[in-house]
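The block underneath contains the structure these notes are about, expressed in structure tokens.
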Number of protein chains: 2
Amino acid sequence: MSTIEDVARLAGLSRTTVSRVINNHPYVSAGKKKLVQEAMDILGYVPNSSARSLRNQKTDIIAVFIPRVMNPFFSQFIESFENAASGQNYQLIVCQTQYSQEKELTYLNLLKTRQIDGVVMVSFENDWDVIEPFLEYGPIILCNEVVEKAQVPMIFLDQQYGGYIATKHLTSQGHSKIAYCCGGYRSSVSMARERGFRQALTEAGVQFEERYAFRNAFHVEDGKRVFRELKEMTCPPTAIFTGGDEVAAGMISEAKKFGWNVPDDLAVIGFDNQEITELLDPMITTVYQPVEEMAHKALEVMVQRIQSKRNYSLEKHEFPMKLVIRESTISKKLANV
Amino acid sequence: MSTIEDVARLAGLSRTTVSRVINNHPYVSAGKKKLVQEAMDILGYVPNSSARSLRNQKTDIIAVFIPRVMNPFFSQFIESFENAASGQNYQLIVCQTQYSQEKELTYLNLLKTRQIDGVVMVSFENDWDVIEPFLEYGPIILCNEVVEKAQVPMIFLDQQYGGYIATKHLTSQGHSKIAYCCGGYRSSVSMARERGFRQALTEAGVQFEERYAFRNAFHVEDGKRVFRELKEMTCPPTAIFTGGDEVAAGMISEAKKFGWNVPDDLAVIGFDNQEITELLDPMITTVYQPVEEMAHKALEVMVQRIQSKRNYSLEKHEFPMKLVIRESTISKKLANV
DNA sequence: ATGAAAGCGCTAACAG
DNA sequence: CTGTTAGCGCTTTCAT
């Protein structure tokens with residue numbers, strides 16, 4: 001393992017000069033520069049990054065917080081973000097909080113110990129008040145989630161609009177008994193979607209019915225369960241808005257098992273535009289979220305923050321959603337469109 | 001940002017003593033220990049990890065190489081590996097090679113620059129000869145892939161057995177015209193599966209037919225395409241082995257579109273036991289791969305290697321696959337179970 | 001049981 | 001344009 005000292009000695013120059021050519025500084029004569037490069041080649045020299053980190057007070061590593069990788073939304077984010085980051089010579093550390101406040105806190109310590117230059121929180125578990133103090137140690141940006149009181153960059157999707165266009169699509173198909181299905185109350189994401197849902201209902205002159213609301217559906221199994229609950233209802237809904245394609249898929253799969261026709265007996269709309277939406281029969285109408293654009297913007301903003309060392313100012317970037325109409329909401333029977 | 005010096009001063013002791021309590025060394029009197037801890041609390045002190053890395057010649061970071069995150073096999077690996085790693089206080093850097101030799105090489109430099117302690121290659125693009133020299137800088141272990149000449153740990157699944165049980169299942173259903181579909185020739189994975197496929201065929205006394213072989217199917221779209229090719233054949237196969245559930249899903253979806261009945265007209269078997277196998281109608285028969293076990297073993301072996309500093313010895317760990325029988329291969333028509 | 005001092009490998013004043 | 005020197009923050013001999 002050769003060091004800068006070895007290179008300097010071999011080239012017959014000082015460490016400073018070697019350092020200058022490593023970092024592309026001006027004011028190095030072409031001759032010495034070549035000398036240094038030759039010496040580096042001979043020794044197979046590569047600068048030690050721990051030493052550089054210590055000296056430069058930065059590691060060129062960014063941490064991304066997600067609850068877990070195996071969720072298409074988050075894995076797509078990781079994929080896009082890593083692609084962008086590697087293009088700028090940043091490495092990406094994955095932090096899975098597992099929905100645990102404690103794990104999230106443990107990971108935040110990476111900032112304190114200076115193992116990373118910044119944190120992108122695509123999910124968060126703790127109250128902002130407990131996260132905020134870590135800003136002293138480096139930039140934190142919020143991605144996909146919105147916290148009103150936080151004075152940091154926030155990159156997010158217009159969830160309300162997403163909920164709105166999905167529901168509007170349902171009402172415009174003539175539905176008025178529309179169920180609402182999502183995962184969790186708390187998150188700003190769910191809340192915004194529900195606002196959009198209600199807005200579309202209101203516009204169509206239909207009342208929101210609490211008995212049609214299911215707020216604990218995250219996964220395939222949940223979709224199946226919700227369908228079973230729903231089919232037992234007196235006067236069941238004719239359409240349902242779900243917060244995720246997996247949930248919609250589970251619901252459709254179960255509905256078919258019980259002989260229901262989707263979309264004729266029940267129109268189902270998903271969320272995320274995952275691959276699975278094109279595989280089920282019927283193909284699932286859904287809402288496309290521009291995850292890649294969001295991830296790229298997140299990196300861009302993060303890099304700026306790291307360079308400018310300004311951790312404390314608000315900055316909002318919103319991206320729109322898009323409705324993707326497939327078969328699970330378009331009744332052939334009614335034939336209205 | 002307080003340093004060890006600050007703590008020492010506040011506690012009225014030397015840096016050495018503070019360092020000793022940080023690292024739980026013996027020979028520190030209880031009294032001084034408490035003094036130090038109080039000082040650390042007051043200052044909110046946390047050791048700087050760049051400084052430690054420089055001094056200790058290790059970063060507690062492991063890199064995982066995969067082609068891309070958005071593939072259930074790899075994202076599951078990442079998820080499991082990160083869970084295990086965080087339990088041992090290791091961080092995980094994700095390196096997406098994008099199937100590019102050049103990118104892979106760039107990432108290998110992380111080892112040279114000492115930014116990471118070791119590399120887990122779940123995929124690899126370059127010849128072993130070009131990877132091997134990097135062993136000088138730290139441990140590299142192979143996961144899921146096997147390279148005969150490599151003198152490093154290899155954690156892998158019994159792919160041949162996987163191919164075998166899947167195909168055996170098909171022949172035992174009475175099929176003799178069985179197509180073979182996989183992604184890529186080269187990889188040890190595909191080759192082993194094909195050996196298993198041929199073995200099962202041989203046992204059943206049927207000949208391998210090259211015209212039934214499709215070796216460029218990676219994704220949903222490919223499955224659809226392969227079906228279209230296959231249905232035009234004179235004397236098409238009655239069953240098909242695919243190297244991935246997505247491919248199987250695409251095939252089934254397309255087959256249904258053309259009015260074919262799966263499994264009666266064509267039995268389809270997948271690989272991976274992804275969630276989607278339980279959602280399609282028919283549900284997909286597939287092969288379960290113990291990815292989580294593999295990831296856990298990979299971490300265990302990696303940690304050992306890092307600690308022992310022995311980068312150059314062979315070590316093999318094999319895990320078995322399991323057949324998961326669902327509907328896509330069980331013809332109700334024939335009713336032979 | 002505790003401390004003084006050297007040094008991990010690098011970069012940036014500062015001087016020339 | 002080039003070199004000398006002083007650290008970045010930590011751990012570890014080696015004394016005491």
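Residue numbers start at 1 in each chain; chains themselves are named A, B, ... in the order of the structure tokens; ligands are numbered from 1 in the order shown.
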
Interface, chain A side, toward chain B (7 Å; only C-alpha atoms) as a PyMOL selection string: chain A and resi 46-51+53-54+68-70+75-76+79+91-94+112-115+249-250+253+279-280

Nearby residues (only C-alpha atoms (C1' of nucleotides)) at most 12 Å from DT12 in chain D, same-chain spacing under 3 positions excluded, as a compact mmCIF listing (two decimals) with N, CA, C and O atoms (P, O5', C5', C4', C3', O3' and C1' of nucleotides), in the first residue's frame:
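Result file around23.txt:
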```
# COMPACT_ATOMS: atom_id res chain seq x y z
N ARG B 15 -5.97 12.26 26.69
CA ARG B 15 -6.68 11.68 25.55
C ARG B 15 -6.66 10.16 25.64
O ARG B 15 -7.63 9.49 25.33
N THR B 16 -5.51 9.65 26.03
CA THR B 16 -5.37 8.19 26.14
C THR B 16 -6.48 7.57 26.98
O THR B 16 -7.11 6.59 26.58
N THR B 17 -6.67 8.14 28.14
CA THR B 17 -7.68 7.58 29.04
C THR B 17 -9.07 7.64 28.42
O THR B 17 -9.83 6.67 28.47
N SER B 19 -9.77 7.67 25.27
CA SER B 19 -9.80 6.65 24.23
C SER B 19 -10.05 5.28 24.84
O SER B 19 -10.81 4.47 24.31
N ARG B 20 -9.42 5.04 25.98
CA ARG B 20 -9.59 3.73 26.63
C ARG B 20 -11.04 3.49 27.02
O ARG B 20 -11.55 2.39 26.83
N ARG B 55 -6.88 5.67 11.45
CA ARG B 55 -6.01 5.07 12.45
C ARG B 55 -6.12 3.52 12.44
O ARG B 55 -5.13 2.81 12.49
N ASN B 56 -7.35 3.04 12.37
CA ASN B 56 -7.56 1.60 12.50
C ASN B 56 -7.50 0.83 11.18
O ASN B 56 -7.63 -0.39 11.16
P DA C 4 0.64 14.20 29.86
O5' DA C 4 2.11 14.10 29.28
C5' DA C 4 2.96 13.01 29.66
C4' DA C 4 4.06 12.84 28.60
C3' DA C 4 4.05 13.88 27.48
O3' DA C 4 5.37 13.98 26.98
C1' DA C 4 3.40 11.79 26.60
P DA C 5 5.70 14.88 25.67
O5' DA C 5 5.62 13.78 24.52
C5' DA C 5 6.29 12.53 24.70
C4' DA C 5 6.23 11.74 23.40
C3' DA C 5 6.29 12.62 22.15
O3' DA C 5 6.93 11.86 21.13
C1' DA C 5 4.29 11.41 22.13
P DA C 6 7.46 12.58 19.77
O5' DA C 6 7.39 11.37 18.73
C5' DA C 6 7.46 10.02 19.22
C4' DA C 6 6.62 9.14 18.30
C3' DA C 6 6.62 9.61 16.84
O3' DA C 6 6.72 8.47 16.01
C1' DA C 6 4.42 9.48 17.62
P DG C 7 7.05 8.67 14.46
O5' DG C 7 5.64 8.33 13.80
C5' DG C 7 5.00 7.11 14.15
C4' DG C 7 3.62 7.12 13.52
C3' DG C 7 3.57 7.77 12.13
O3' DG C 7 2.70 7.00 11.33
C1' DG C 7 2.00 8.77 13.49
P DC C 8 2.98 6.77 9.82
O5' DC C 8 1.59 6.19 9.30
C5' DC C 8 0.96 5.05 9.88
C4' DC C 8 -0.53 5.20 9.68
C3' DC C 8 -0.88 5.92 8.39
O3' DC C 8 -1.16 4.94 7.38
C1' DC C 8 -2.17 6.78 10.27
```

Contact residues (chain C, partner chain B, 8 Å, only C-alpha atoms (C1' of nucleotides)) as an NGL selection string: :C and (1-3 or 8-9)

Prev. selection, C-alpha atoms (C1' of nucleotides), output as a PDB file, in the first residue's frame:
```
ATOM      1  C1'  DA C   1      -3.668   2.757  36.319  1.00  0.00           C
ATOM      2  C1'  DT C   2      -2.360   6.869  33.601  1.00  0.00           C
ATOM      3  C1'  DG C   3       0.022  10.022  30.351  1.00  0.00           C
ATOM      4  C1'  DC C   8      -2.165   6.777  10.269  1.00  0.00           C
ATOM      5  C1'  DG C   9      -2.156   9.667   4.949  1.00  0.00           C
TER       6       DG C   9
END
```

CA of Asp264 in chain A to CA of Met233 in chain A, straight-line distance in Å: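 Rounded to one decimal, the two atoms are 17.4 Å apart.
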
Chain D residues near chain B within 9 Å, closest pair each, using only C-alpha atoms (C1' of nucleotides), as JSON lines:
```
{"residue": "D:DC8", "atom": "C1'", "partner": "B:Ala51", "partner_atom": "CA", "distance": 7.8}
{"residue": "D:DG9", "atom": "C1'", "partner": "B:Ala51", "partner_atom": "CA", "distance": 5.0}
{"residue": "D:DC10", "atom": "C1'", "partner": "B:Ala51", "partner_atom": "CA", "distance": 5.3}
{"residue": "D:DT11", "atom": "C1'", "partner": "B:Arg55", "partner_atom": "CA", "distance": 6.6}
{"residue": "D:DT12", "atom": "C1'", "partner": "B:Thr16", "partner_atom": "CA", "distance": 8.7}
```

Coordinates-based distance that separates CA of Pro237 in chain B from CA of Val206 in chain B (Å, one decimal): 12.7 Å

Lys168 in chain A surroundings by only C-alpha atoms (C1' of nucleotides), 9 Å radius, close-in-sequence under 5 positions cut, as a VMD selection string: chain A and resid 163 173 197 199 to 201 203 to 204

Selection file, N, CA, C and O atoms, as a PDB file, in the first residue's frame:
```pdb
ATOM      1  N   GLY A 163     -54.586  11.588  -5.559  1.00  0.00           N
ATOM      2  CA  GLY A 163     -55.835  11.040  -5.028  1.00  0.00           C
ATOM      3  C   GLY A 163     -57.020  11.597  -5.795  1.00  0.00           C
ATOM      4  O   GLY A 163     -57.995  10.885  -6.069  1.00  0.00           O
ATOM      5  N   GLN A 173     -66.782   7.712 -14.222  1.00  0.00           N
ATOM      6  CA  GLN A 173     -67.294   6.459 -14.778  1.00  0.00           C
ATOM      7  C   GLN A 173     -68.701   6.177 -14.243  1.00  0.00           C
ATOM      8  O   GLN A 173     -69.243   5.099 -14.471  1.00  0.00           O
ATOM      9  N   PHE A 197     -59.070  12.592  -2.546  1.00  0.00           N
ATOM     10  CA  PHE A 197     -60.203  11.676  -2.684  1.00  0.00           C
ATOM     11  C   PHE A 197     -61.506  12.394  -2.347  1.00  0.00           C
ATOM     12  O   PHE A 197     -62.473  12.406  -3.116  1.00  0.00           O
ATOM     13  N   GLN A 199     -62.058  15.577  -2.182  1.00  0.00           N
ATOM     14  CA  GLN A 199     -62.296  16.694  -3.097  1.00  0.00           C
ATOM     15  C   GLN A 199     -63.051  16.232  -4.341  1.00  0.00           C
ATOM     16  O   GLN A 199     -64.044  16.845  -4.761  1.00  0.00           O
ATOM     17  N   ALA A 200     -62.593  15.109  -4.902  1.00  0.00           N
ATOM     18  CA  ALA A 200     -63.253  14.590  -6.103  1.00  0.00           C
ATOM     19  C   ALA A 200     -64.685  14.176  -5.798  1.00  0.00           C
ATOM     20  O   ALA A 200     -65.602  14.386  -6.598  1.00  0.00           O
ATOM     21  N   LEU A 201     -64.849  13.582  -4.612  1.00  0.00           N
ATOM     22  CA  LEU A 201     -66.197  13.182  -4.200  1.00  0.00           C
ATOM     23  C   LEU A 201     -67.109  14.408  -4.115  1.00  0.00           C
ATOM     24  O   LEU A 201     -68.220  14.428  -4.667  1.00  0.00           O
ATOM     25  N   GLU A 203     -66.829  17.290  -5.494  1.00  0.00           N
ATOM     26  CA  GLU A 203     -67.119  17.831  -6.831  1.00  0.00           C
ATOM     27  C   GLU A 203     -68.226  17.056  -7.528  1.00  0.00           C
ATOM     28  O   GLU A 203     -68.971  17.598  -8.323  1.00  0.00           O
ATOM     29  N   ALA A 204     -68.256  15.750  -7.236  1.00  0.00           N
ATOM     30  CA  ALA A 204     -69.264  14.915  -7.884  1.00  0.00           C
ATOM     31  C   ALA A 204     -70.561  14.902  -7.080  1.00  0.00           C
ATOM     32  O   ALA A 204     -71.504  14.198  -7.416  1.00  0.00           O
TER      33      ALA A 204
END
```

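One finds CA of Glu221 in chain B at 15.7 Å from CA of Val268 in chain B.
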
Non-local contacts of Tyr164 in chain B (12 Å; only C-alpha atoms (C1' of nucleotides); under 4 positions in same chain excluded) as a tab-separated table (two decimals) with all heavy atoms, in the first residue's frame:
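Now in out34.tsv:
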```tsv
chain	number	residue	atom	x	y	z
B	158	ASP	N	-27.88	-24.32	-5.10
B	158	ASP	CA	-27.70	-25.46	-5.98
B	158	ASP	C	-28.60	-25.29	-7.20
B	158	ASP	O	-29.71	-25.81	-7.25
B	158	ASP	CB	-28.04	-26.75	-5.21
B	158	ASP	CG	-27.64	-27.98	-6.00
B	158	ASP	OD1	-27.40	-27.86	-7.21
B	158	ASP	OD2	-27.55	-29.07	-5.39
B	159	GLN	N	-28.10	-24.54	-8.14
B	159	GLN	CA	-28.90	-24.20	-9.32
B	159	GLN	C	-29.23	-25.42	-10.16
B	159	GLN	O	-30.31	-25.52	-10.74
B	159	GLN	CB	-28.16	-23.18	-10.19
B	159	GLN	CG	-27.81	-21.88	-9.50
B	159	GLN	CD	-29.00	-20.97	-9.28
B	159	GLN	OE1	-30.09	-21.22	-9.82
B	159	GLN	NE2	-28.82	-19.92	-8.51
B	160	GLN	N	-28.30	-26.33	-10.25
B	160	GLN	CA	-28.56	-27.53	-11.04
B	160	GLN	C	-29.75	-28.28	-10.46
B	160	GLN	O	-30.66	-28.69	-11.18
B	160	GLN	CB	-27.32	-28.42	-11.07
B	160	GLN	CG	-27.58	-29.72	-11.81
B	160	GLN	CD	-26.32	-30.48	-12.14
B	160	GLN	OE1	-25.22	-29.96	-12.03
B	160	GLN	NE2	-26.49	-31.72	-12.58
B	168	LYS	N	-38.16	-32.06	-13.59
B	168	LYS	CA	-38.68	-33.35	-13.14
B	168	LYS	C	-40.18	-33.26	-12.88
B	168	LYS	O	-40.96	-34.15	-13.23
B	168	LYS	CB	-37.96	-33.72	-11.83
B	168	LYS	CG	-38.41	-35.01	-11.18
B	168	LYS	CD	-37.57	-36.16	-11.65
B	168	LYS	CE	-38.00	-37.46	-10.99
B	168	LYS	NZ	-37.30	-38.60	-11.60
B	169	HIS	N	-40.56	-32.15	-12.25
B	169	HIS	CA	-41.97	-31.92	-11.98
B	169	HIS	C	-42.77	-31.92	-13.30
B	169	HIS	O	-43.86	-32.49	-13.38
B	169	HIS	CB	-42.12	-30.59	-11.25
B	169	HIS	CG	-43.54	-30.12	-11.11
B	169	HIS	ND1	-44.49	-30.78	-10.34
B	169	HIS	CD2	-44.18	-29.05	-11.64
B	169	HIS	CE1	-45.64	-30.13	-10.42
B	169	HIS	NE2	-45.48	-29.08	-11.20
B	170	LEU	N	-42.19	-31.29	-14.30
B	170	LEU	CA	-42.86	-31.22	-15.60
B	170	LEU	C	-42.95	-32.61	-16.25
B	170	LEU	O	-44.02	-33.01	-16.73
B	170	LEU	CB	-42.09	-30.26	-16.53
B	170	LEU	CG	-42.56	-28.82	-16.73
B	170	LEU	CD1	-43.51	-28.31	-15.67
B	170	LEU	CD2	-41.38	-27.87	-16.90
B	171	THR	N	-41.87	-33.32	-16.26
B	171	THR	CA	-41.91	-34.65	-16.89
B	171	THR	C	-42.86	-35.57	-16.12
B	171	THR	O	-43.58	-36.37	-16.71
B	171	THR	CB	-40.52	-35.32	-16.95
B	171	THR	OG1	-39.99	-35.45	-15.63
B	171	THR	CG2	-39.56	-34.51	-17.80
B	172	SER	N	-42.89	-35.42	-14.82
B	172	SER	CA	-43.76	-36.29	-14.03
B	172	SER	C	-45.23	-35.98	-14.27
B	172	SER	O	-46.12	-36.76	-13.91
B	172	SER	CB	-43.42	-36.19	-12.54
B	172	SER	OG	-43.97	-35.01	-12.02
B	192	ALA	N	-25.73	-24.03	-14.89
B	192	ALA	CA	-26.07	-25.09	-13.94
B	192	ALA	C	-27.55	-25.47	-14.06
B	192	ALA	O	-27.90	-26.64	-14.04
B	192	ALA	CB	-25.75	-24.63	-12.52
B	193	ARG	N	-28.38	-24.48	-14.22
B	193	ARG	CA	-29.80	-24.79	-14.35
B	193	ARG	C	-30.06	-25.64	-15.58
B	193	ARG	O	-30.87	-26.56	-15.55
B	193	ARG	CB	-30.62	-23.49	-14.46
B	193	ARG	CG	-30.87	-22.87	-13.13
B	193	ARG	CD	-31.85	-21.72	-13.25
B	193	ARG	NE	-31.70	-20.85	-12.11
B	193	ARG	CZ	-32.18	-19.61	-12.04
B	193	ARG	NH1	-32.82	-19.10	-13.08
B	193	ARG	NH2	-32.00	-18.88	-10.96
B	194	GLU	N	-29.36	-25.29	-16.64
B	194	GLU	CA	-29.57	-26.05	-17.87
B	194	GLU	C	-29.10	-27.50	-17.69
B	194	GLU	O	-29.73	-28.42	-18.20
B	194	GLU	CB	-28.84	-25.38	-19.04
B	194	GLU	CG	-29.14	-26.08	-20.36
B	194	GLU	CD	-28.74	-25.26	-21.59
B	194	GLU	OE1	-28.69	-24.00	-21.48
B	194	GLU	OE2	-28.50	-25.87	-22.64
B	195	ARG	N	-28.02	-27.68	-16.96
B	195	ARG	CA	-27.57	-29.05	-16.67
B	195	ARG	C	-28.68	-29.82	-15.95
B	195	ARG	O	-28.97	-30.96	-16.28
B	195	ARG	CB	-26.31	-29.04	-15.80
B	195	ARG	CG	-25.02	-28.87	-16.57
B	195	ARG	CD	-23.81	-29.34	-15.75
B	195	ARG	NE	-23.66	-28.63	-14.48
B	195	ARG	CZ	-23.13	-27.41	-14.37
B	195	ARG	NH1	-22.73	-26.75	-15.44
B	195	ARG	NH2	-23.02	-26.84	-13.18
B	196	GLY	N	-29.30	-29.15	-14.97
B	196	GLY	CA	-30.38	-29.81	-14.22
B	196	GLY	C	-31.55	-30.12	-15.13
B	196	GLY	O	-32.18	-31.18	-15.03
B	197	PHE	N	-31.83	-29.19	-16.01
B	197	PHE	CA	-32.93	-29.37	-16.97
B	197	PHE	C	-32.67	-30.60	-17.82
B	197	PHE	O	-33.52	-31.49	-17.94
B	197	PHE	CB	-33.02	-28.11	-17.84
B	197	PHE	CG	-34.06	-28.16	-18.91
B	197	PHE	CD1	-35.38	-27.86	-18.62
B	197	PHE	CD2	-33.72	-28.49	-20.22
B	197	PHE	CE1	-36.35	-27.89	-19.62
B	197	PHE	CE2	-34.68	-28.53	-21.21
B	197	PHE	CZ	-36.00	-28.22	-20.92
B	198	ARG	N	-31.46	-30.67	-18.36
B	198	ARG	CA	-31.12	-31.79	-19.23
B	198	ARG	C	-31.12	-33.11	-18.47
B	198	ARG	O	-31.55	-34.15	-18.98
B	198	ARG	CB	-29.74	-31.58	-19.86
B	198	ARG	CG	-29.74	-30.50	-20.96
B	198	ARG	CD	-28.31	-30.16	-21.35
B	198	ARG	NE	-28.21	-29.07	-22.29
B	198	ARG	CZ	-28.08	-29.23	-23.63
B	198	ARG	NH1	-28.03	-30.43	-24.15
B	198	ARG	NH2	-27.99	-28.17	-24.42
B	199	GLN	N	-30.65	-33.03	-17.25
B	199	GLN	CA	-30.60	-34.25	-16.43
B	199	GLN	C	-32.00	-34.85	-16.24
B	199	GLN	O	-32.20	-36.06	-16.41
B	199	GLN	CB	-30.00	-33.89	-15.07
B	199	GLN	CG	-29.92	-35.02	-14.07
B	199	GLN	CD	-29.52	-34.50	-12.68
B	199	GLN	OE1	-29.10	-33.35	-12.54
B	199	GLN	NE2	-29.63	-35.34	-11.67
B	200	ALA	N	-32.95	-33.98	-15.92
B	200	ALA	CA	-34.32	-34.46	-15.72
B	200	ALA	C	-34.89	-35.03	-17.01
B	200	ALA	O	-35.60	-36.04	-17.00
B	200	ALA	CB	-35.19	-33.32	-15.20
B	201	LEU	N	-34.56	-34.36	-18.11
B	201	LEU	CA	-35.02	-34.85	-19.42
B	201	LEU	C	-34.47	-36.24	-19.67
B	201	LEU	O	-35.20	-37.17	-20.04
B	201	LEU	CB	-34.53	-33.89	-20.52
B	201	LEU	CG	-35.59	-33.05	-21.25
B	201	LEU	CD1	-36.56	-32.44	-20.27
B	201	LEU	CD2	-34.93	-31.98	-22.10
B	202	THR	N	-33.18	-36.39	-19.49
B	202	THR	CA	-32.52	-37.67	-19.72
B	202	THR	C	-33.17	-38.77	-18.88
B	202	THR	O	-33.49	-39.85	-19.38
B	202	THR	CB	-31.03	-37.56	-19.35
B	202	THR	OG1	-30.46	-36.49	-20.10
B	202	THR	CG2	-30.31	-38.86	-19.68
B	203	GLU	N	-33.38	-38.46	-17.63
B	203	GLU	CA	-34.00	-39.45	-16.75
B	203	GLU	C	-35.36	-39.89	-17.26
B	203	GLU	O	-35.78	-41.03	-17.05
B	203	GLU	CB	-34.17	-38.89	-15.33
B	203	GLU	CG	-32.90	-38.94	-14.52
B	203	GLU	CD	-33.15	-38.53	-13.08
B	203	GLU	OE1	-34.32	-38.51	-12.65
B	203	GLU	OE2	-32.16	-38.21	-12.39
B	204	ALA	N	-36.06	-38.95	-17.90
B	204	ALA	CA	-37.39	-39.26	-18.42
B	204	ALA	C	-37.31	-39.86	-19.82
B	204	ALA	O	-38.32	-40.12	-20.46
B	204	ALA	CB	-38.25	-38.00	-18.42
B	241	PHE	N	-40.04	-24.41	-19.16
B	241	PHE	CA	-39.27	-24.05	-17.97
B	241	PHE	C	-38.75	-22.64	-18.19
B	241	PHE	O	-38.15	-22.35	-19.21
B	241	PHE	CB	-38.09	-25.02	-17.83
B	241	PHE	CG	-37.06	-24.59	-16.82
B	241	PHE	CD1	-37.14	-25.03	-15.50
B	241	PHE	CD2	-36.01	-23.76	-17.18
B	241	PHE	CE1	-36.19	-24.65	-14.57
B	241	PHE	CE2	-35.06	-23.36	-16.25
B	241	PHE	CZ	-35.15	-23.80	-14.95
B	287	VAL	N	-39.78	-22.13	-8.23
B	287	VAL	CA	-38.74	-22.68	-7.38
B	287	VAL	C	-38.31	-21.62	-6.36
B	287	VAL	O	-37.97	-20.50	-6.74
B	287	VAL	CB	-37.51	-23.11	-8.22
B	287	VAL	CG1	-36.41	-23.63	-7.31
B	287	VAL	CG2	-37.92	-24.18	-9.22
B	320	PRO	N	-29.88	-25.30	-0.65
B	320	PRO	CA	-30.80	-26.01	-1.54
B	320	PRO	C	-31.99	-25.16	-1.96
B	320	PRO	O	-32.37	-24.22	-1.28
B	320	PRO	CB	-31.27	-27.17	-0.66
B	320	PRO	CG	-31.27	-26.60	0.71
B	320	PRO	CD	-30.12	-25.64	0.77
B	321	MET	N	-32.57	-25.52	-3.10
B	321	MET	CA	-33.79	-24.85	-3.56
B	321	MET	C	-34.99	-25.72	-3.18
B	321	MET	O	-34.82	-26.88	-2.81
B	321	MET	CB	-33.75	-24.75	-5.07
B	321	MET	CG	-32.49	-24.13	-5.59
B	321	MET	SD	-32.89	-22.62	-6.39
B	321	MET	CE	-31.37	-22.33	-7.28
B	322	LYS	N	-36.16	-25.16	-3.35
B	322	LYS	CA	-37.36	-25.95	-3.08
B	322	LYS	C	-38.44	-25.69	-4.12
B	322	LYS	O	-38.69	-24.54	-4.48
B	322	LYS	CB	-37.91	-25.62	-1.68
B	322	LYS	CG	-37.33	-26.51	-0.63
B	322	LYS	CD	-38.13	-26.63	0.68
B	322	LYS	CE	-38.93	-25.48	1.13
B	322	LYS	NZ	-38.46	-24.96	2.44
B	323	LEU	N	-39.06	-26.76	-4.56
B	323	LEU	CA	-40.14	-26.63	-5.53
B	323	LEU	C	-41.41	-26.17	-4.83
B	323	LEU	O	-41.75	-26.66	-3.76
B	323	LEU	CB	-40.39	-28.01	-6.18
B	323	LEU	CG	-41.43	-28.06	-7.31
B	323	LEU	CD1	-40.96	-27.23	-8.50
B	323	LEU	CD2	-41.65	-29.51	-7.72
```

DSSP helix (DSSP H, G or I) residues within range 141-288 of chain B, listed as a count of residues only: 62

For range 12-14 of chain C: contacts at 9 Å, only C-alpha atoms (C1' of nucleotides), fewer than 5 positions along chain excluded, given as a PyMOL selection string: chain D and resi 4-6

What does the file look like for those residues with C-alpha atoms (C1' of nucleotides), as a CSV table (one decimal), in the first residue's frame?
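Result file again08.csv:
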```
chain,number,residue,atom,x,y,z
D,4,DT,C1',8.2,23.2,4.7
D,5,DT,C1',5.3,22.6,8.2
D,6,DA,C1',1.3,22.1,10.9
```

Surrounding residues of DG16 in chain C excluding itself and chain neighbours under 5 positions, 12 Å, only C-alpha atoms (C1' of nucleotides), as a list of chain:residue names: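 Answer for this query is D:DC1, D:DT2, D:DG3, D:DT4.
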
Dump C-alpha atoms (C1' of nucleotides) for the selected residues as a PDB file, in the first residue's frame?
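Contents of again-v9.pdb, freshly written:
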```pdb
ATOM      1  C1'  DC D   1       6.037  27.172  -9.523  1.00  0.00           C
ATOM      2  C1'  DT D   2       7.647  24.323  -5.358  1.00  0.00           C
ATOM      3  C1'  DG D   3       8.669  22.888  -0.577  1.00  0.00           C
ATOM      4  C1'  DT D   4       8.238  23.171   4.688  1.00  0.00           C
TER       5       DT D   4
END
```

Filtered DSSP result for range 152-309 of chain B, state strand (DSSP E or B), as a PyMOL selection string: chain B and resi 153-157+178-181+183+213-214+216+239-242+267-269+272+285-288

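Here the question is which of A:Lys316, A:Lys297, A:Arg326, A:His175 gets nearest to Gln151 in chain A using only C-alpha atoms, and that residue is A:Lys316.
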
Residue neighbourhood range 299-311 of chain B, 9 Å, only C-alpha atoms (C1' of nucleotides), exclusion window fewer than 4 positions, as a list in words: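 Using only C-alpha atoms (C1' of nucleotides), the neighbours found are Lys58, Ile62, Phe81, Ala84, Ala85, Gln88, Asp117, Gly118, Val119, Val120, Leu135, Glu136, Tyr137, Gly138, Pro139, Ile140, Ile141, Gln151, Val152, Pro153, Ile155, Met294 and Ala295 of chain B.
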